[in-house]
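Engineer: File data04.cif below, mmCIF, C-alpha atoms and all ligand atoms:
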data_coords
loop_
_atom_site.group_PDB
_atom_site.id
_atom_site.type_symbol
_atom_site.label_atom_id
_atom_site.label_comp_id
_atom_site.auth_asym_id
_atom_site.auth_seq_id
_atom_site.Cartn_x
_atom_site.Cartn_y
_atom_site.Cartn_z
ATOM 1 C CA MET A 7 102.296 176.718 112.143
ATOM 2 C CA PRO A 8 99.636 174.498 110.557
ATOM 3 C CA GLU A 9 98.202 171.860 112.905
ATOM 4 C CA PRO A 10 99.933 168.485 112.416
ATOM 5 C CA SER A 11 96.684 167.074 110.959
ATOM 6 C CA ALA A 12 96.349 169.863 108.362
ATOM 7 C CA PRO A 13 96.625 168.590 104.788
ATOM 8 C CA PRO A 14 99.712 169.828 102.938
ATOM 9 C CA ILE A 15 97.530 170.929 100.022
ATOM 10 C CA GLU A 16 94.946 173.445 101.149
ATOM 11 C CA ILE A 17 93.199 174.273 97.882
ATOM 12 C CA GLN A 18 92.991 172.300 94.650
ATOM 13 C CA PHE A 19 91.353 173.080 91.323
ATOM 14 C CA HIS A 20 90.822 170.084 89.029
ATOM 15 C CA GLY A 21 89.835 170.971 85.459
ATOM 16 C CA VAL A 22 87.598 173.827 86.555
ATOM 17 C CA GLU A 23 85.378 175.389 83.912
ATOM 18 C CA LEU A 24 82.931 178.208 84.489
ATOM 19 C CA SER A 25 80.616 180.148 82.173
ATOM 20 C CA ARG A 26 78.495 183.117 83.061
ATOM 21 C CA GLY A 27 76.009 184.961 80.901
ATOM 22 C CA GLY A 28 76.765 182.560 78.019
ATOM 23 C CA SER A 29 80.510 183.198 77.897
ATOM 24 C CA LYS A 30 83.337 181.060 79.183
ATOM 25 C CA ILE A 31 85.066 182.758 82.081
ATOM 26 C CA LEU A 32 87.405 180.001 83.306
ATOM 27 C CA ARG A 33 88.817 177.277 81.070
ATOM 28 C CA GLY A 34 90.398 174.140 82.484
ATOM 29 C CA ILE A 35 91.989 175.561 85.620
ATOM 30 C CA ASP A 36 94.286 173.105 87.466
ATOM 31 C CA LEU A 37 95.951 174.455 90.564
ATOM 32 C CA ALA A 38 97.222 173.339 93.964
ATOM 33 C CA VAL A 39 97.869 175.769 96.807
ATOM 34 C CA GLN A 40 100.020 174.420 99.633
ATOM 35 C CA THR A 41 99.568 175.078 103.309
ATOM 36 C CA GLY A 42 101.368 178.237 104.350
ATOM 37 C CA GLU A 43 102.094 179.549 100.884
ATOM 38 C CA THR A 44 101.080 182.865 99.383
ATOM 39 C CA LEU A 45 99.890 182.409 95.830
ATOM 40 C CA VAL A 46 99.524 185.732 94.058
ATOM 41 C CA LEU A 47 97.235 185.849 91.023
ATOM 42 C CA VAL A 48 97.923 188.423 88.343
ATOM 43 C CA GLY A 49 96.411 189.089 84.952
ATOM 44 C CA ARG A 50 94.615 191.743 83.013
ATOM 45 C CA SER A 51 91.277 193.158 84.043
ATOM 46 C CA GLY A 52 88.490 190.696 83.300
ATOM 47 C CA SER A 53 90.836 187.701 83.003
ATOM 48 C CA GLY A 54 89.073 185.780 85.813
ATOM 49 C CA LYS A 55 91.095 186.436 88.996
ATOM 50 C CA SER A 56 88.189 187.375 91.300
ATOM 51 C CA THR A 57 86.216 184.455 89.890
ATOM 52 C CA VAL A 58 88.933 182.040 91.053
ATOM 53 C CA LEU A 59 88.662 183.397 94.607
ATOM 54 C CA LYS A 60 84.861 183.125 94.588
ATOM 55 C CA LEU A 61 85.116 179.448 93.638
ATOM 56 C CA VAL A 62 87.226 178.791 96.727
ATOM 57 C CA ASN A 63 84.638 180.066 99.193
ATOM 58 C CA ARG A 64 81.764 178.677 97.126
ATOM 59 C CA MET A 65 80.249 181.999 96.171
ATOM 60 C CA LEU A 66 80.415 180.363 92.739
ATOM 61 C CA SER A 67 80.378 176.680 91.801
ATOM 62 C CA PRO A 68 82.191 175.198 88.787
ATOM 63 C CA ASP A 69 80.210 174.003 85.748
ATOM 64 C CA ARG A 70 82.853 171.331 85.285
ATOM 65 C CA GLY A 71 85.688 170.026 87.416
ATOM 66 C CA ARG A 72 86.116 170.321 91.172
ATOM 67 C CA VAL A 73 87.418 172.750 93.728
ATOM 68 C CA VAL A 74 88.741 171.005 96.842
ATOM 69 C CA VAL A 75 89.365 172.991 100.019
ATOM 70 C CA ARG A 76 91.031 171.384 103.039
ATOM 71 C CA GLY A 77 90.474 167.928 101.631
ATOM 72 C CA LYS A 78 86.795 168.299 100.729
ATOM 73 C CA ALA A 79 85.079 169.419 97.504
ATOM 74 C CA THR A 80 83.368 172.786 97.952
ATOM 75 C CA ALA A 81 80.144 171.133 96.741
ATOM 76 C CA ASP A 82 80.324 168.875 99.824
ATOM 77 C CA TRP A 83 81.124 171.662 102.288
ATOM 78 C CA ASP A 84 78.401 173.370 104.252
ATOM 79 C CA PRO A 85 78.986 176.906 102.862
ATOM 80 C CA ILE A 86 78.889 178.492 106.333
ATOM 81 C CA GLN A 87 81.374 176.026 107.783
ATOM 82 C CA LEU A 88 83.590 176.554 104.749
ATOM 83 C CA ARG A 89 83.534 180.355 105.010
ATOM 84 C CA ARG A 90 84.369 180.250 108.722
ATOM 85 C CA GLN A 91 87.789 178.937 107.744
ATOM 86 C CA ILE A 92 88.344 181.658 105.192
ATOM 87 C CA GLY A 93 89.067 185.343 105.681
ATOM 88 C CA TYR A 94 87.909 187.171 102.552
ATOM 89 C CA VAL A 95 88.939 190.678 101.552
ATOM 90 C CA VAL A 96 86.554 191.633 98.733
ATOM 91 C CA GLN A 97 87.661 193.834 95.878
ATOM 92 C CA GLU A 98 85.101 196.535 96.710
ATOM 93 C CA VAL A 99 85.952 196.371 100.466
ATOM 94 C CA GLY A 100 82.308 195.650 101.325
ATOM 95 C CA LEU A 101 82.067 197.124 104.832
ATOM 96 C CA PHE A 102 78.601 197.382 106.335
ATOM 97 C CA PRO A 103 77.837 201.126 106.189
ATOM 98 C CA HIS A 104 75.497 201.153 109.190
ATOM 99 C CA MET A 105 78.041 199.494 111.481
ATOM 100 C CA THR A 106 81.028 201.121 113.168
ATOM 101 C CA VAL A 107 84.548 200.043 112.287
ATOM 102 C CA GLN A 108 84.619 198.006 115.507
ATOM 103 C CA ARG A 109 81.380 196.190 114.636
ATOM 104 C CA ASN A 110 82.566 195.485 111.120
ATOM 105 C CA VAL A 111 85.832 194.037 112.403
ATOM 106 C CA ASP A 112 84.398 191.904 115.196
ATOM 107 C CA LEU A 113 81.557 190.529 113.073
ATOM 108 C CA VAL A 114 82.922 187.005 112.672
ATOM 109 C CA PRO A 115 84.251 186.647 116.242
ATOM 110 C CA ARG A 116 80.746 187.662 117.444
ATOM 111 C CA LEU A 117 79.133 185.109 115.130
ATOM 112 C CA LEU A 118 81.520 182.525 116.507
ATOM 113 C CA GLY A 119 80.402 183.377 120.037
ATOM 114 C CA TRP A 120 83.716 184.581 121.424
ATOM 115 C CA GLU A 121 83.782 186.130 124.925
ATOM 116 C CA PRO A 122 83.175 189.912 124.840
ATOM 117 C CA GLU A 123 86.597 190.769 126.319
ATOM 118 C CA ARG A 124 88.348 188.583 123.780
ATOM 119 C CA ILE A 125 86.334 190.183 120.949
ATOM 120 C CA ALA A 126 87.206 193.723 122.045
ATOM 121 C CA ALA A 127 90.877 192.895 122.516
ATOM 122 C CA ARG A 128 91.082 191.205 119.122
ATOM 123 C CA ALA A 129 89.410 194.108 117.303
ATOM 124 C CA ALA A 130 91.929 196.545 118.819
ATOM 125 C CA GLU A 131 94.767 194.180 117.965
ATOM 126 C CA VAL A 132 93.894 193.751 114.291
ATOM 127 C CA LEU A 133 93.160 197.442 113.767
ATOM 128 C CA ALA A 134 96.596 198.252 115.154
ATOM 129 C CA LEU A 135 98.026 195.531 112.909
ATOM 130 C CA VAL A 136 96.797 197.353 109.793
ATOM 131 C CA GLY A 137 98.014 200.704 111.078
ATOM 132 C CA LEU A 138 94.757 202.192 112.365
ATOM 133 C CA ASP A 139 94.729 203.574 115.909
ATOM 134 C CA PRO A 140 91.719 201.860 117.522
ATOM 135 C CA ALA A 141 91.074 204.819 119.848
ATOM 136 C CA ALA A 142 90.705 207.141 116.866
ATOM 137 C CA HIS A 143 88.940 204.828 114.415
ATOM 138 C CA ALA A 144 87.003 202.010 116.098
ATOM 139 C CA GLN A 145 83.825 204.001 116.698
ATOM 140 C CA ARG A 146 83.685 205.691 113.274
ATOM 141 C CA TYR A 147 81.428 204.599 110.438
ATOM 142 C CA PRO A 148 82.892 203.587 107.069
ATOM 143 C CA HIS A 149 81.808 206.872 105.395
ATOM 144 C CA GLN A 150 83.955 208.712 107.958
ATOM 145 C CA LEU A 151 87.112 207.044 106.651
ATOM 146 C CA SER A 152 89.250 207.531 103.565
ATOM 147 C CA GLY A 153 89.212 204.859 100.857
ATOM 148 C CA GLY A 154 92.581 203.503 101.970
ATOM 149 C CA GLN A 155 91.461 203.406 105.617
ATOM 150 C CA ARG A 156 88.332 201.498 104.625
ATOM 151 C CA GLN A 157 90.494 199.048 102.753
ATOM 152 C CA ARG A 158 92.611 198.476 105.860
ATOM 153 C CA VAL A 159 89.457 197.840 107.922
ATOM 154 C CA GLY A 160 88.532 195.227 105.297
ATOM 155 C CA VAL A 161 91.887 193.493 105.856
ATOM 156 C CA ALA A 162 91.464 193.711 109.668
ATOM 157 C CA ARG A 163 88.028 192.138 109.384
ATOM 158 C CA ALA A 164 89.318 189.253 107.267
ATOM 159 C CA VAL A 165 92.040 188.298 109.763
ATOM 160 C CA ALA A 166 90.034 189.010 112.966
ATOM 161 C CA ALA A 167 88.835 185.446 113.585
ATOM 162 C CA ASP A 168 92.272 184.058 112.724
ATOM 163 C CA PRO A 169 91.153 181.832 109.812
ATOM 164 C CA PRO A 170 93.703 179.422 108.322
ATOM 165 C CA LEU A 171 92.897 180.564 104.762
ATOM 166 C CA LEU A 172 92.863 184.094 103.404
ATOM 167 C CA LEU A 173 91.467 185.201 100.047
ATOM 168 C CA MET A 174 92.500 188.773 99.304
ATOM 169 C CA ASP A 175 91.171 190.567 96.224
ATOM 170 C CA GLU A 176 93.356 193.615 95.565
ATOM 171 C CA PRO A 177 93.569 194.282 99.313
ATOM 172 C CA PHE A 178 96.061 197.135 99.076
ATOM 173 C CA GLY A 179 94.970 198.763 95.798
ATOM 174 C CA ALA A 180 93.651 201.995 97.323
ATOM 175 C CA LEU A 181 96.673 202.717 99.519
ATOM 176 C CA ASP A 182 99.287 205.389 98.859
ATOM 177 C CA PRO A 183 102.749 203.963 98.085
ATOM 178 C CA VAL A 184 104.216 204.740 101.540
ATOM 179 C CA THR A 185 101.339 203.171 103.474
ATOM 180 C CA ARG A 186 101.298 200.281 101.057
ATOM 181 C CA SER A 187 104.962 199.643 101.661
ATOM 182 C CA GLU A 188 104.365 199.689 105.450
ATOM 183 C CA ILE A 189 101.479 197.248 105.067
ATOM 184 C CA HIS A 190 103.682 195.001 102.923
ATOM 185 C CA ASP A 191 106.168 194.820 105.812
ATOM 186 C CA GLU A 192 103.346 193.961 108.224
ATOM 187 C CA PHE A 193 102.010 191.413 105.781
ATOM 188 C CA ARG A 194 105.345 189.648 105.501
ATOM 189 C CA THR A 195 105.650 189.550 109.291
ATOM 190 C CA ILE A 196 102.173 187.998 109.491
ATOM 191 C CA GLN A 197 103.138 185.479 106.808
ATOM 192 C CA ARG A 198 106.272 184.450 108.698
ATOM 193 C CA GLN A 199 104.593 184.243 112.103
ATOM 194 C CA LEU A 200 101.204 182.770 111.262
ATOM 195 C CA ARG A 201 101.941 180.740 108.112
ATOM 196 C CA LYS A 202 98.452 181.286 106.758
ATOM 197 C CA THR A 203 97.552 179.973 103.323
ATOM 198 C CA ILE A 204 96.860 183.021 101.196
ATOM 199 C CA VAL A 205 95.568 183.602 97.676
ATOM 200 C CA LEU A 206 95.996 187.262 96.819
ATOM 201 C CA VAL A 207 94.970 189.084 93.658
ATOM 202 C CA THR A 208 96.801 192.195 92.533
ATOM 203 C CA HIS A 209 97.385 194.359 89.471
ATOM 204 C CA ASP A 210 100.702 195.476 90.884
ATOM 205 C CA MET A 211 103.479 193.214 89.613
ATOM 206 C CA ALA A 212 105.981 194.695 92.070
ATOM 207 C CA GLU A 213 103.611 193.717 94.882
ATOM 208 C CA ALA A 214 103.305 190.228 93.403
ATOM 209 C CA PHE A 215 107.073 189.760 93.393
ATOM 210 C CA LEU A 216 107.386 191.093 96.928
ATOM 211 C CA LEU A 217 104.699 188.967 98.562
ATOM 212 C CA ALA A 218 104.382 185.760 96.550
ATOM 213 C CA THR A 219 105.837 182.365 97.223
ATOM 214 C CA ARG A 220 104.392 181.561 93.788
ATOM 215 C CA ILE A 221 102.747 183.685 91.123
ATOM 216 C CA GLY A 222 99.848 182.480 88.979
ATOM 217 C CA VAL A 223 99.184 184.278 85.697
ATOM 218 C CA ILE A 224 95.664 184.225 84.279
ATOM 219 C CA GLU A 225 94.910 185.160 80.702
ATOM 220 C CA GLN A 226 91.343 185.052 79.399
ATOM 221 C CA GLY A 227 90.281 182.428 81.911
ATOM 222 C CA ARG A 228 93.349 180.223 81.494
ATOM 223 C CA LEU A 229 96.120 179.776 84.006
ATOM 224 C CA ILE A 230 99.037 180.240 81.650
ATOM 225 C CA ALA A 231 101.804 180.003 84.286
ATOM 226 C CA VAL A 232 102.189 179.171 87.971
ATOM 227 C CA ASP A 233 105.689 179.325 89.346
ATOM 228 C CA THR A 234 108.116 180.970 91.727
ATOM 229 C CA PRO A 235 108.717 184.698 91.243
ATOM 230 C CA ARG A 236 112.188 183.924 89.921
ATOM 231 C CA ALA A 237 110.843 181.541 87.270
ATOM 232 C CA ILE A 238 108.029 183.926 86.323
ATOM 233 C CA ALA A 239 110.553 186.741 85.866
ATOM 234 C CA ALA A 240 112.482 184.507 83.456
ATOM 235 C CA SER A 241 109.394 183.267 81.596
ATOM 236 C CA THR A 242 109.401 183.436 77.822
ATOM 237 C CA HIS A 243 105.606 183.111 77.581
ATOM 238 C CA PRO A 244 104.373 186.169 75.638
ATOM 239 C CA GLY A 245 101.394 186.618 78.000
ATOM 240 C CA VAL A 246 103.688 186.660 81.028
ATOM 241 C CA GLN A 247 106.175 188.956 79.334
ATOM 242 C CA ALA A 248 103.380 191.404 78.503
ATOM 243 C CA LEU A 249 102.590 191.725 82.210
ATOM 244 C CA LEU A 250 106.236 192.157 83.131
ATOM 245 C CA ARG A 251 106.980 194.820 80.533
ATOM 246 C CA PRO A 252 105.700 197.795 82.587
ATOM 247 C CA LEU A 253 108.002 196.774 85.467
ATOM 248 C CA PHE A 254 111.066 196.745 83.234
ATOM 249 C CA GLU A 255 110.049 200.015 81.627
ATOM 250 C CA ILE A 256 109.847 201.699 85.030
ATOM 251 C CA SER A 257 113.219 200.384 86.151
ATOM 252 C CA ALA A 258 114.765 201.449 82.844
ATOM 253 C CA THR A 259 113.664 205.061 83.402
ATOM 254 C CA MET A 260 114.955 205.260 86.999
ATOM 255 C CA PRO A 261 117.637 207.993 87.296
ATOM 256 C CA GLN A 262 120.223 205.701 88.938
ATOM 257 C CA GLY A 263 119.745 203.260 86.056
ATOM 258 C CA LYS A 264 120.805 206.006 83.621
ATOM 259 C CA ALA A 265 123.720 207.145 85.804
ATOM 260 C CA GLU A 266 125.090 203.669 86.139
ATOM 261 C CA GLY A 267 124.175 202.450 82.705
HETATM 262 N N1 LIG B 301 77.638 187.854 86.605
HETATM 263 C C1 LIG B 301 78.342 187.834 85.489
HETATM 264 N N2 LIG B 301 77.769 187.574 84.290
HETATM 265 C C2 LIG B 301 78.502 187.542 83.176
HETATM 266 N N3 LIG B 301 79.833 187.760 83.131
HETATM 267 C C3 LIG B 301 80.450 188.020 84.281
HETATM 268 C C4 LIG B 301 79.759 188.075 85.523
HETATM 269 N N4 LIG B 301 80.661 188.363 86.490
HETATM 270 C C5 LIG B 301 81.852 188.483 85.879
HETATM 271 N N5 LIG B 301 81.741 188.285 84.567
HETATM 272 C C6 LIG B 301 82.844 188.334 83.570
HETATM 273 O O1 LIG B 301 83.801 187.375 83.945
HETATM 274 C C7 LIG B 301 85.099 187.783 83.572
HETATM 275 C C8 LIG B 301 86.037 187.592 84.738
HETATM 276 O O2 LIG B 301 85.635 188.446 85.794
HETATM 277 P P1 LIG B 301 86.527 188.621 87.086
HETATM 278 O O3 LIG B 301 85.787 189.494 88.014
HETATM 279 O O4 LIG B 301 86.962 187.291 87.585
HETATM 280 O O5 LIG B 301 87.794 189.383 86.487
HETATM 281 P P2 LIG B 301 89.098 189.947 87.214
HETATM 282 O O6 LIG B 301 90.274 189.257 86.609
HETATM 283 O O7 LIG B 301 88.937 189.860 88.688
HETATM 284 O O8 LIG B 301 89.107 191.475 86.726
HETATM 285 P P3 LIG B 301 89.529 192.827 87.513
HETATM 286 O O9 LIG B 301 91.028 192.818 87.485
HETATM 287 O O10 LIG B 301 88.974 193.905 86.649
HETATM 288 O O11 LIG B 301 88.953 192.799 88.875
HETATM 289 C C9 LIG B 301 84.979 189.227 83.115
HETATM 290 O O12 LIG B 301 85.102 189.240 81.732
HETATM 291 C C10 LIG B 301 83.589 189.633 83.569
HETATM 292 O O13 LIG B 301 83.018 190.544 82.675
HETATM 293 MG MG MG B 302 88.647 191.298 90.142
#
Could you render the structure from this file as structure tokens?
Ligand SMILES: Nc1ncnc2c1ncn2[C@@H]1O[C@H](COP(=O)(O)OP(=O)(O)OP(=O)(O)O)[C@@H](O)[C@H]1O
Ligand SMILES: [Mg+2]
Structural biologist:
Amino acid sequence: MPEPSAPPIEIQFHGVELSRGGSKILRGIDLAVQTGETLVLVGRSGSGKSTVLKLVNRMLSPDRGRVVVRGKATADWDPIQLRRQIGYVVQEVGLFPHMTVQRNVDLVPRLLGWEPERIAARAAEVLALVGLDPAAHAQRYPHQLSGGQRQRVGVARAVAADPPLLLMDEPFGALDPVTRSEIHDEFRTIQRQLRKTIVLVTHDMAEAFLLATRIGVIEQGRLIAVDTPRAIAASTHPGVQALLRPLFEISATMPQGKAEG
């Protein structure tokens, strides 16, 4: 549950423009993310999804327009204070190679000065949450894990300090379908119980439909649609339909589809 004082709108983009290396990357992005919702961003590679996340935690600043987080423009936030409220799962996982899994996961709680017992208990709790047995994995180094296991440690690290906001950049991309489906179940339980505000990027449209309260579609730096999964599925926008086509093609080739059809 959000605290009673929490603003109903957690993140707002007002006419955000961003160029890098001389080319426009984001064009006029307007967006509001409500407390407790999961906004899933989809779009082709290079469309600007990761850039949107980096504007929220002020790793990037807009050339024009404003990004407002928890009622305050990111330009006015102390970046450290801002990032303490945000769990961030980076696209490349980004674990510290010289630190054990345990150290990676309890990094933010240690920075926040939690009691040692609370830190240890929390690390074990979040590792278990993402399906990693702490006894078997906590003392390993990242290179001693598979890619999917590393990715799960990245998710555990982002939620360890219990931040109200989560930015997740393709957090489940390296997982096999069975593990991914298990993590989806866990994720939905976390969503129901903790009501975190989440912006999640994925290339997997099925994942988007499963996890999103709303889906945002980015095309060449423009937000061409933001709506409920149901409305996105019914969209007639050619850019949205192009993203949906692979989903329909898969379902059309499913054996039961042929038997029944
Ligand atoms: N430092 C940079 N200098 C110039 N261009 C950049 C820089 N970083 C990113 N870009 C460009 O910005 C655009 C958006 O990048 P971004 O990482 O947001 O894409 P994305 O939608 O997350 O893609 P992907 O799905 O492949 O992760 C891309 O065209 C990329 O080449
Ligand atoms: Mg990206």
Engineer: So which one's closest to Thr41 (chain A), A:Ala239, A:Val95, A:Leu171, A:Leu135? Using all atoms listed in the file, please.
Structural biologist: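 Answer, going by the shortest atom-to-atom distance: A:Leu171.
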Engineer: Please extract the residues at most 9 Å from ligand MG 302 (chain B), counting all atoms listed in the file, and provide them as number ranges by chain, using the chain letters and residue numbers of this document.
Structural biologist: A: 51-57, 96-97, 175-176, 207-208
Engineer: Report as an mmCIF file with C-alpha atoms, keeping the file's coordinate frame the full result of the PyMOL selection byres (((chain A and resi 73) around 6) and not hetatm) when it is applied to this structure.
Structural biologist:
data_model
loop_
_atom_site.group_PDB
_atom_site.id
_atom_site.type_symbol
_atom_site.label_atom_id
_atom_site.label_comp_id
_atom_site.auth_asym_id
_atom_site.auth_seq_id
_atom_site.Cartn_x
_atom_site.Cartn_y
_atom_site.Cartn_z
ATOM 1 C CA GLN A 18 92.991 172.300 94.650
ATOM 2 C CA PHE A 19 91.353 173.080 91.323
ATOM 3 C CA ARG A 72 86.116 170.321 91.172
ATOM 4 C CA VAL A 74 88.741 171.005 96.842
ATOM 5 C CA ALA A 79 85.079 169.419 97.504
ATOM 6 C CA THR A 80 83.368 172.786 97.952
#
Engineer: Which residues, named as in the file, does the PyMOL selection byres (((chain A and resi 219) around 9) and not hetatm) pick out? Answer as a count of residues only.
Structural biologist: 13
Engineer: Would you list the residues that come within 12 Å of ligand LIG 301 (chain B)? Count all atoms listed in the file and give the answer as JSON, numbers by chain.
Structural biologist: {"A": [24, 25, 26, 27, 28, 29, 30, 31, 32, 33, 47, 48, 49, 50, 51, 52, 53, 54, 55, 56, 57, 58, 59, 60, 61, 65, 66, 96, 97, 98, 174, 175, 176, 177, 179, 206, 207, 208, 209, 210, 222, 223, 224, 225, 226, 227, 228, 229]}
Engineer: For this structure, which residues satisfy the selection - the PyMOL selection byres (((chain A and resi 159) around 12) and not hetatm) - when it is evaluated on the file as given? I want them as a ChimeraX atom specification.
Structural biologist: /A:95-96,99-102,106-113,129-140,143-144,146-148,151-158,160-166,177-178
Engineer: Go ahead and compute the interatomic distance for CA of Ala248 (chain A) and CA of Ser187 (chain A), in Å to one decimal.
Structural biologist: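 Between CA of Ala248 (chain A) and CA of Ser187 (chain A) the gap works out to 24.6 Å.
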Engineer: Is it possible to get the residues within 10 Å of (96.3, 182.0, 111.5) (coordinates as in the file, counting only C-alpha atoms) written as a list of chain:residue names?
Structural biologist: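 Residues found, by chain and rising number: A:Met7, A:Pro8, A:Gly42, A:Gln91, A:Gly93, A:Val165, A:Ala166, A:Ala167, A:Asp168, A:Pro169, A:Pro170, A:Leu171, A:Leu172, A:Ile196, A:Gln197, A:Gln199, A:Leu200, A:Arg201, A:Lys202, A:Thr203.
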Engineer: Just how far from CA of Gln87 (chain A) is CA of Glu121 (chain A), in Å to one decimal?
Structural biologist: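 Atom-to-atom, CA of Glu121 (chain A) and CA of Gln87 (chain A) are spaced 20.0 Å apart.
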Engineer: Nearest residue to Tyr94 (chain A) out of A:Arg186, A:Arg64, A:Arg236, A:Lys78, using only C-alpha atoms?
Structural biologist: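 Of A:Arg186, A:Arg64, A:Arg236, A:Lys78, the one nearest Tyr94 (chain A), counting only C-alpha atoms, is A:Arg64.
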Engineer: Could you jot down the CA of His149 (chain A) to CA of His104 (chain A) separation for me, Å, one decimal place?
Structural biologist: 9.3 Å
Engineer: Just need the box for region 167-179 of chain A, edges along x, y and z, holding every atom the file lists for it with 8 Å tacked onto each side, so centre and edge lengths in Å to one decimal, as AutoDock Vina command-line options.
Structural biologist:
--center_x 92.4 --center_y 189.1 --center_z 104.6 --size_x 23.2 --size_y 35.3 --size_z 34.0
Engineer: Do a neighbour search on Glu23 (chain A) at 7 Å with all atoms listed in the file, toss out local chain neighbours closer than 2 positions, and write the hits as a list of chain:residue names.
Structural biologist: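 Near Glu23 (chain A), the qualifying residues are A:Gly21, A:Ser25, A:Leu32, A:Arg33, A:Gly34, A:Ile35, A:Pro68, A:Asp69, A:Arg70, A:Gly71.
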Engineer: Rank A:Ile86, A:Ile256, A:Val232, A:Val114 by their smallest atom-to-atom distance to Arg128 (chain A), using all atoms listed in the file, and report the top residue only.
Structural biologist: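 Closest to Arg128 (chain A) of all the choices is A:Val114.
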